[in-house]
$ cat protein00.csv   # CSV, C-alpha atoms
chain,number,residue,atom,x,y,z
A,1,MET,CA,-47.9,55.6,-98.2
A,2,MET,CA,-45.0,53.1,-97.8
A,3,ARG,CA,-44.3,51.4,-94.4
A,4,THR,CA,-40.8,51.7,-93.2
A,5,PRO,CA,-38.9,48.5,-92.2
A,6,GLY,CA,-38.7,49.8,-88.6
A,7,LEU,CA,-42.4,50.3,-88.4
A,8,LEU,CA,-43.0,46.8,-89.9
A,9,GLY,CA,-40.7,45.3,-87.2
A,10,LEU,CA,-42.5,47.1,-84.4
A,11,ARG,CA,-45.9,46.0,-85.7
A,12,GLY,CA,-44.7,42.4,-85.9
A,13,PHE,CA,-43.3,42.5,-82.4
A,14,LEU,CA,-46.6,44.0,-81.0
A,15,ALA,CA,-48.6,41.3,-82.8
A,16,PHE,CA,-46.4,38.5,-81.4
A,17,THR,CA,-46.6,40.0,-77.9
A,18,ALA,CA,-50.5,40.2,-78.1
A,19,LYS,CA,-50.7,36.6,-79.3
A,20,LEU,CA,-48.4,35.4,-76.5
A,21,TRP,CA,-50.4,37.3,-73.9
A,22,SER,CA,-53.6,35.8,-75.1
A,23,PHE,CA,-52.1,32.3,-74.9
A,24,LEU,CA,-50.9,32.9,-71.4
A,25,LEU,CA,-54.4,34.1,-70.3
A,26,TYR,CA,-55.9,31.0,-71.9
A,27,LEU,CA,-53.6,28.8,-69.9
A,28,LEU,CA,-54.3,30.7,-66.7
A,29,ARG,CA,-58.1,30.4,-67.2
A,30,ARG,CA,-57.7,26.7,-67.8
A,31,GLN,CA,-55.8,26.3,-64.6
A,32,VAL,CA,-58.3,28.3,-62.5
A,33,ARG,CA,-61.2,26.2,-63.9
A,34,THR,CA,-59.3,23.0,-63.1
A,35,VAL,CA,-58.9,24.0,-59.5
A,36,SER,CA,-62.6,25.1,-59.3
A,37,VAL,CA,-63.8,21.8,-60.7
A,38,ARG,CA,-61.7,19.7,-58.4
A,39,ARG,CA,-63.0,21.6,-55.4
A,40,ARG,CA,-66.6,21.3,-56.5
A,41,GLN,CA,-66.3,17.6,-57.0
A,42,GLY,CA,-64.7,17.3,-53.5
A,43,ALA,CA,-67.9,18.6,-51.9
A,44,PRO,CA,-67.6,22.2,-51.0
A,45,TYR,CA,-70.7,23.3,-52.8
A,46,ILE,CA,-72.4,23.7,-49.4
A,47,GLN,CA,-76.0,22.6,-49.7
A,48,PRO,CA,-78.5,24.8,-48.0
A,49,ARG,CA,-81.3,23.3,-46.3
A,50,VAL,CA,-84.1,25.4,-45.4
A,51,GLN,CA,-83.3,24.6,-42.5
A,52,GLY,CA,-80.2,24.2,-44.5
A,53,GLY,CA,-77.6,26.2,-45.9
A,54,GLY,CA,-74.8,27.7,-48.1
A,55,VAL,CA,-73.6,28.0,-51.7
A,56,TRP,CA,-71.1,30.1,-53.7
A,57,GLU,CA,-70.9,33.5,-55.3
A,58,GLY,CA,-68.8,35.1,-58.1
A,59,GLY,CA,-65.2,35.9,-57.4
A,60,SER,CA,-62.5,33.8,-55.7
A,61,LEU,CA,-62.8,33.1,-52.0
A,62,ARG,CA,-59.3,32.4,-50.7
A,63,GLY,CA,-60.0,29.9,-48.0
A,64,GLY,CA,-56.4,29.7,-46.7
A,65,GLY,CA,-55.2,26.3,-45.5
A,66,VAL,CA,-56.1,23.3,-43.4
A,67,VAL,CA,-54.1,20.4,-42.3
A,68,ILE,CA,-55.2,16.9,-43.4
A,69,ASP,CA,-53.3,13.8,-42.3
A,70,LYS,CA,-50.5,16.1,-41.1
A,71,HIS,CA,-50.2,17.7,-44.5
A,72,PRO,CA,-51.0,21.4,-45.0
A,73,VAL,CA,-53.5,21.8,-47.8
A,74,ARG,CA,-54.3,25.2,-49.3
A,75,PHE,CA,-57.6,25.6,-51.2
A,76,PHE,CA,-59.4,28.1,-53.3
A,77,VAL,CA,-63.1,28.1,-54.0
A,78,HIS,CA,-65.5,30.3,-56.0
A,79,LYS,CA,-68.7,31.6,-54.5
A,80,ARG,CA,-71.8,31.0,-56.6
A,81,PRO,CA,-73.4,34.2,-58.0
A,82,HIS,CA,-75.7,35.9,-55.5
A,83,VAL,CA,-75.0,33.6,-52.6
A,84,ASP,CA,-74.4,36.4,-50.1
A,85,PHE,CA,-77.7,38.0,-51.0
A,86,PHE,CA,-79.4,34.6,-50.9
A,87,LEU,CA,-78.1,33.8,-47.4
A,88,GLU,CA,-79.0,37.2,-46.2
A,89,VAL,CA,-82.6,36.9,-47.3
A,90,VAL,CA,-83.3,33.2,-46.6
A,91,SER,CA,-81.8,33.4,-43.1
A,92,GLN,CA,-84.6,35.8,-42.2
A,93,TRP,CA,-87.1,33.1,-43.2
A,94,TYR,CA,-85.5,29.9,-42.0
A,95,GLU,CA,-82.9,28.5,-39.7
A,96,LEU,CA,-80.0,27.6,-42.1
A,97,VAL,CA,-78.1,24.4,-41.6
A,98,VAL,CA,-75.0,23.3,-43.5
A,99,PHE,CA,-75.1,19.6,-44.4
A,100,THR,CA,-72.1,18.5,-46.5
A,101,ALA,CA,-70.4,15.2,-47.2
A,102,SER,CA,-67.1,17.0,-47.0
A,103,MET,CA,-64.6,16.3,-44.2
A,104,GLU,CA,-65.3,18.6,-41.2
A,105,ILE,CA,-61.8,20.1,-41.3
A,106,TYR,CA,-62.5,21.4,-44.8
A,107,GLY,CA,-66.3,21.9,-44.7
A,108,SER,CA,-66.0,24.0,-41.6
A,109,ALA,CA,-63.4,26.3,-43.1
A,110,VAL,CA,-65.5,27.0,-46.1
A,111,ALA,CA,-68.7,27.4,-44.0
A,112,ASP,CA,-66.8,30.0,-41.9
A,113,LYS,CA,-66.0,32.0,-45.1
A,114,LEU,CA,-69.6,31.8,-46.3
A,115,ASP,CA,-70.9,32.9,-42.9
A,116,ASN,CA,-68.5,35.7,-42.6
A,117,ASN,CA,-69.2,36.3,-38.9
A,118,ARG,CA,-72.9,36.8,-39.6
A,119,GLY,CA,-74.0,33.9,-37.4
A,120,VAL,CA,-76.4,32.5,-40.0
A,121,LEU,CA,-74.7,29.1,-40.4
A,122,ARG,CA,-74.3,28.0,-36.8
A,123,ARG,CA,-75.5,24.4,-37.1
A,124,ARG,CA,-73.4,22.2,-39.3
A,125,PHE,CA,-73.2,18.6,-40.3
A,126,TYR,CA,-70.4,16.9,-42.1
A,127,ARG,CA,-69.3,13.5,-43.5
A,128,GLN,CA,-69.4,11.8,-40.1
A,129,HIS,CA,-73.1,12.6,-39.9
A,130,CYS,CA,-73.8,11.0,-43.3
A,131,THR,CA,-74.6,7.3,-43.9
A,132,LEU,CA,-72.2,5.5,-46.3
A,133,GLU,CA,-74.3,3.3,-48.6
A,134,LEU,CA,-72.9,1.6,-51.8
A,135,GLY,CA,-70.1,4.1,-52.0
A,136,SER,CA,-72.3,7.2,-51.6
A,137,TYR,CA,-72.9,9.5,-48.6
A,138,ILE,CA,-76.6,9.7,-47.7
A,139,LYS,CA,-77.8,12.7,-45.7
A,140,ASP,CA,-80.3,11.7,-43.0
A,141,LEU,CA,-82.5,14.8,-42.5
A,142,SER,CA,-83.8,13.5,-39.2
A,143,VAL,CA,-80.5,14.5,-37.6
A,144,VAL,CA,-81.4,18.1,-38.4
A,145,HIS,CA,-84.9,18.0,-37.0
A,146,SER,CA,-87.3,15.2,-36.0
A,147,ASP,CA,-90.3,17.0,-37.7
A,148,LEU,CA,-89.5,16.6,-41.4
A,149,SER,CA,-92.6,18.6,-42.3
A,150,SER,CA,-90.6,21.8,-41.9
A,151,VAL,CA,-87.2,20.6,-43.4
A,152,VAL,CA,-86.1,21.2,-46.9
A,153,ILE,CA,-82.8,20.2,-48.4
A,154,LEU,CA,-81.3,22.1,-51.4
A,155,ASP,CA,-78.8,19.8,-53.1
A,156,ASN,CA,-77.2,19.2,-56.5
A,157,SER,CA,-77.0,15.4,-55.9
A,158,PRO,CA,-80.2,13.4,-55.8
A,159,GLY,CA,-78.3,10.5,-54.4
A,160,ALA,CA,-77.6,12.5,-51.2
A,161,TYR,CA,-81.2,12.9,-50.3
A,162,ARG,CA,-82.7,9.7,-51.8
A,163,SER,CA,-84.0,8.8,-48.3
A,164,HIS,CA,-86.1,12.0,-48.2
A,165,PRO,CA,-87.0,12.9,-51.8
A,166,ASP,CA,-90.2,14.7,-50.7
A,167,ASN,CA,-88.1,17.2,-48.8
A,168,ALA,CA,-85.8,18.1,-51.6
A,169,ILE,CA,-85.3,21.0,-54.0
A,170,PRO,CA,-82.8,20.0,-56.7
A,171,ILE,CA,-80.4,22.6,-58.0
A,172,LYS,CA,-78.0,22.3,-60.9
A,173,SER,CA,-74.3,22.0,-60.2
A,174,TRP,CA,-72.3,25.2,-60.7
A,175,PHE,CA,-68.7,25.6,-61.8
A,176,SER,CA,-67.8,29.0,-63.1
A,177,ASP,CA,-70.7,30.6,-65.0
A,178,PRO,CA,-70.9,34.3,-63.7
A,179,SER,CA,-74.4,34.7,-65.2
A,180,ASP,CA,-75.9,31.9,-63.1
A,181,THR,CA,-79.1,33.0,-61.3
A,182,ALA,CA,-80.2,29.6,-59.8
A,183,LEU,CA,-80.2,31.0,-56.3
A,184,LEU,CA,-82.3,34.0,-57.1
A,185,ASN,CA,-84.8,31.8,-59.0
A,186,LEU,CA,-85.3,29.8,-55.8
A,187,LEU,CA,-86.3,32.7,-53.6
A,188,PRO,CA,-90.0,32.8,-54.6
A,189,MET,CA,-90.4,29.1,-53.9
A,190,LEU,CA,-88.7,29.3,-50.5
A,191,ASP,CA,-90.7,32.4,-49.6
A,192,ALA,CA,-94.0,30.4,-50.3
A,193,LEU,CA,-92.9,27.2,-48.6
A,194,ARG,CA,-92.5,28.9,-45.2
A,195,PHE,CA,-96.3,29.3,-45.1
A,196,THR,CA,-96.9,25.7,-45.9
A,197,ALA,CA,-97.9,23.3,-43.1
A,198,ASP,CA,-96.0,20.4,-44.6
A,199,VAL,CA,-93.4,21.2,-47.3
A,200,ARG,CA,-93.6,17.6,-48.5
A,201,SER,CA,-97.1,18.2,-49.7
A,202,VAL,CA,-95.7,20.7,-52.2
A,203,LEU,CA,-92.2,19.2,-53.0
A,204,SER,CA,-93.5,15.7,-53.7
A,205,ARG,CA,-95.2,17.0,-56.8
A,206,ASN,CA,-91.9,18.0,-58.3
A,207,LEU,CA,-90.1,14.7,-58.1
A,208,HIS,CA,-89.7,14.6,-61.9
A,209,GLN,CA,-87.2,17.5,-61.6
A,210,HIS,CA,-84.8,15.3,-59.7
A,211,ARG,CA,-84.0,13.4,-62.9
A,212,LEU,CA,-82.9,16.5,-64.8
A,213,TRP,CA,-79.5,16.7,-63.1
$ encode --input "protein00.csv" --output "structure tokens"
Amino acid sequence: MMRTPGLLGLRGFLAFTAKLWSFLLYLLRRQVRTVSVRRRQGAPYIQPRVQGGGVWEGGSLRGGGVVIDKHPVRFFVHKRPHVDFFLEVVSQWYELVVFTASMEIYGSAVADKLDNNRGVLRRRFYRQHCTLELGSYIKDLSVVHSDLSSVVILDNSPGAYRSHPDNAIPIKSWFSDPSDTALLNLLPMLDALRFTADVRSVLSRNLHQHRLW
């Protein structure tokens, strides 16, 4: 069967349109990833701390805007997969506290979105509560509670908790992988730790993990 010139022209046009649409989608995905990476490097990956708390889940969370140095800034962040379920479960076991090196005006807005009026992220600490040391912000867990035997920090940056490595659970950074299950994988450990007299007696055995990321 012979193809008519008209049909050939239509097929060519459709093929060109499909390629153009694929290229535009590629550019769009690239732009979204760029925004996500910049936000994650800026600090919003709220670190839970058992007494500690947040993290992100799949899908964009439109945070709206804040004003920094008299300039309005609109930001977009992505929630790590399963974070809502994670917060719901862990908040029944621990008091959750947000401790982030982000500026308060930004960190507070993101924490509000994560909390979503549930009242599980009431206590929050920001950049002004950190100690600046050699260009890095160190999180002093004693500001959360004087008894460190019951405090755990979940963080993707070993440098942030280097003053209290025996209280830390390391977690890999997350950018955009929708199949990530890091938060779900932590639930058994967090469940067990709440029955431990001193969390440091358990977590100090896993210090080698802190070098993995």
$ atom_distance --input "protein00.csv" --atom1 "CA of Ser146 (chain A)" --atom2 "CA of Asp112 (chain A)"
26.0 Å
$ atom_distance --input "protein00.csv" --atom1 "CA of Leu190 (chain A)" --atom2 "CA of Val98 (chain A)"
16.5 Å
$ atom_distance --input "protein00.csv" --atom1 "CA of Leu187 (chain A)" --atom2 "CA of Ser102 (chain A)"
25.7 Å
$ closest_residue --input "protein00.csv" --among "A:Gly159, A:Leu184, A:Ile105, A:Ile171" --to "Leu87 (chain A)" --atoms "only C-alpha atoms"
A:Leu184
$ closest_residue --input "protein00.csv" --among "A:Ser204, A:Ser176, A:Ser108, A:Thr100" --to "Thr131 (chain A)" --atoms "only C-alpha atoms"
A:Thr100
$ closest_residue --input "protein00.csv" --among "A:Leu193, A:Ala109, A:Val202, A:Val144" --to "Phe76 (chain A)" --atoms "only C-alpha atoms"
A:Ala109
$ closest_residue --input "protein00.csv" --among "A:Leu132, A:Ala197, A:Val77, A:Val83" --to "Gly107 (chain A)" --atoms "all atoms listed in the file"
A:Val77
$ closest_residue --input "protein00.csv" --among "A:Pro178, A:Tyr137, A:Gln92, A:Val143" --to "Arg162 (chain A)" --atoms "only C-alpha atoms"
A:Tyr137
$ residues_near_point --input "protein00.csv" --point "(-80.2, 17.6, -40.2)" --cutoff "7 Å" --atoms "all atoms listed in the file" --output "MDAnalysis selection string"
chainID A and resid 99 140:145
$ residues_near_point --input "protein00.csv" --point "(-88.5, 35.9, -50.3)" --cutoff "8 Å" --atoms "only C-alpha atoms" --output "PyMOL selection string"
chain A and resi 89-90+93+187-192
$ residues_around --input "protein00.csv" --residues "Val152 (chain A)" --least-positions-apart "4" --cutoff "12 Å" --atoms "only C-alpha atoms" --output "MDAnalysis selection string"
chainID A and resid 47:53 94:99 139:142 144:145 147:148 161 164:170 189:190 193:194 196 198:204
$ write_last_selection --input "protein00.csv" --atoms "C-alpha atoms" --output "PDB file, in the frame of the given file"
ATOM      1  CA  GLN A  47     -76.000  22.600 -49.700  1.00  0.00           C
ATOM      2  CA  PRO A  48     -78.500  24.800 -48.000  1.00  0.00           C
ATOM      3  CA  ARG A  49     -81.300  23.300 -46.300  1.00  0.00           C
ATOM      4  CA  VAL A  50     -84.100  25.400 -45.400  1.00  0.00           C
ATOM      5  CA  GLN A  51     -83.300  24.600 -42.500  1.00  0.00           C
ATOM      6  CA  GLY A  52     -80.200  24.200 -44.500  1.00  0.00           C
ATOM      7  CA  GLY A  53     -77.600  26.200 -45.900  1.00  0.00           C
ATOM      8  CA  TYR A  94     -85.500  29.900 -42.000  1.00  0.00           C
ATOM      9  CA  GLU A  95     -82.900  28.500 -39.700  1.00  0.00           C
ATOM     10  CA  LEU A  96     -80.000  27.600 -42.100  1.00  0.00           C
ATOM     11  CA  VAL A  97     -78.100  24.400 -41.600  1.00  0.00           C
ATOM     12  CA  VAL A  98     -75.000  23.300 -43.500  1.00  0.00           C
ATOM     13  CA  PHE A  99     -75.100  19.600 -44.400  1.00  0.00           C
ATOM     14  CA  LYS A 139     -77.800  12.700 -45.700  1.00  0.00           C
ATOM     15  CA  ASP A 140     -80.300  11.700 -43.000  1.00  0.00           C
ATOM     16  CA  LEU A 141     -82.500  14.800 -42.500  1.00  0.00           C
ATOM     17  CA  SER A 142     -83.800  13.500 -39.200  1.00  0.00           C
ATOM     18  CA  VAL A 144     -81.400  18.100 -38.400  1.00  0.00           C
ATOM     19  CA  HIS A 145     -84.900  18.000 -37.000  1.00  0.00           C
ATOM     20  CA  ASP A 147     -90.300  17.000 -37.700  1.00  0.00           C
ATOM     21  CA  LEU A 148     -89.500  16.600 -41.400  1.00  0.00           C
ATOM     22  CA  TYR A 161     -81.200  12.900 -50.300  1.00  0.00           C
ATOM     23  CA  HIS A 164     -86.100  12.000 -48.200  1.00  0.00           C
ATOM     24  CA  PRO A 165     -87.000  12.900 -51.800  1.00  0.00           C
ATOM     25  CA  ASP A 166     -90.200  14.700 -50.700  1.00  0.00           C
ATOM     26  CA  ASN A 167     -88.100  17.200 -48.800  1.00  0.00           C
ATOM     27  CA  ALA A 168     -85.800  18.100 -51.600  1.00  0.00           C
ATOM     28  CA  ILE A 169     -85.300  21.000 -54.000  1.00  0.00           C
ATOM     29  CA  PRO A 170     -82.800  20.000 -56.700  1.00  0.00           C
ATOM     30  CA  MET A 189     -90.400  29.100 -53.900  1.00  0.00           C
ATOM     31  CA  LEU A 190     -88.700  29.300 -50.500  1.00  0.00           C
ATOM     32  CA  LEU A 193     -92.900  27.200 -48.600  1.00  0.00           C
ATOM     33  CA  ARG A 194     -92.500  28.900 -45.200  1.00  0.00           C
ATOM     34  CA  THR A 196     -96.900  25.700 -45.900  1.00  0.00           C
ATOM     35  CA  ASP A 198     -96.000  20.400 -44.600  1.00  0.00           C
ATOM     36  CA  VAL A 199     -93.400  21.200 -47.300  1.00  0.00           C
ATOM     37  CA  ARG A 200     -93.600  17.600 -48.500  1.00  0.00           C
ATOM     38  CA  SER A 201     -97.100  18.200 -49.700  1.00  0.00           C
ATOM     39  CA  VAL A 202     -95.700  20.700 -52.200  1.00  0.00           C
ATOM     40  CA  LEU A 203     -92.200  19.200 -53.000  1.00  0.00           C
ATOM     41  CA  SER A 204     -93.500  15.700 -53.700  1.00  0.00           C
TER      42      SER A 204
END
$ closest_residue --input "protein00.csv" --among "A:Ala111, A:Met103, A:Val151, A:Ala160" --to "Gln128 (chain A)" --atoms "all atoms listed in the file"
A:Met103
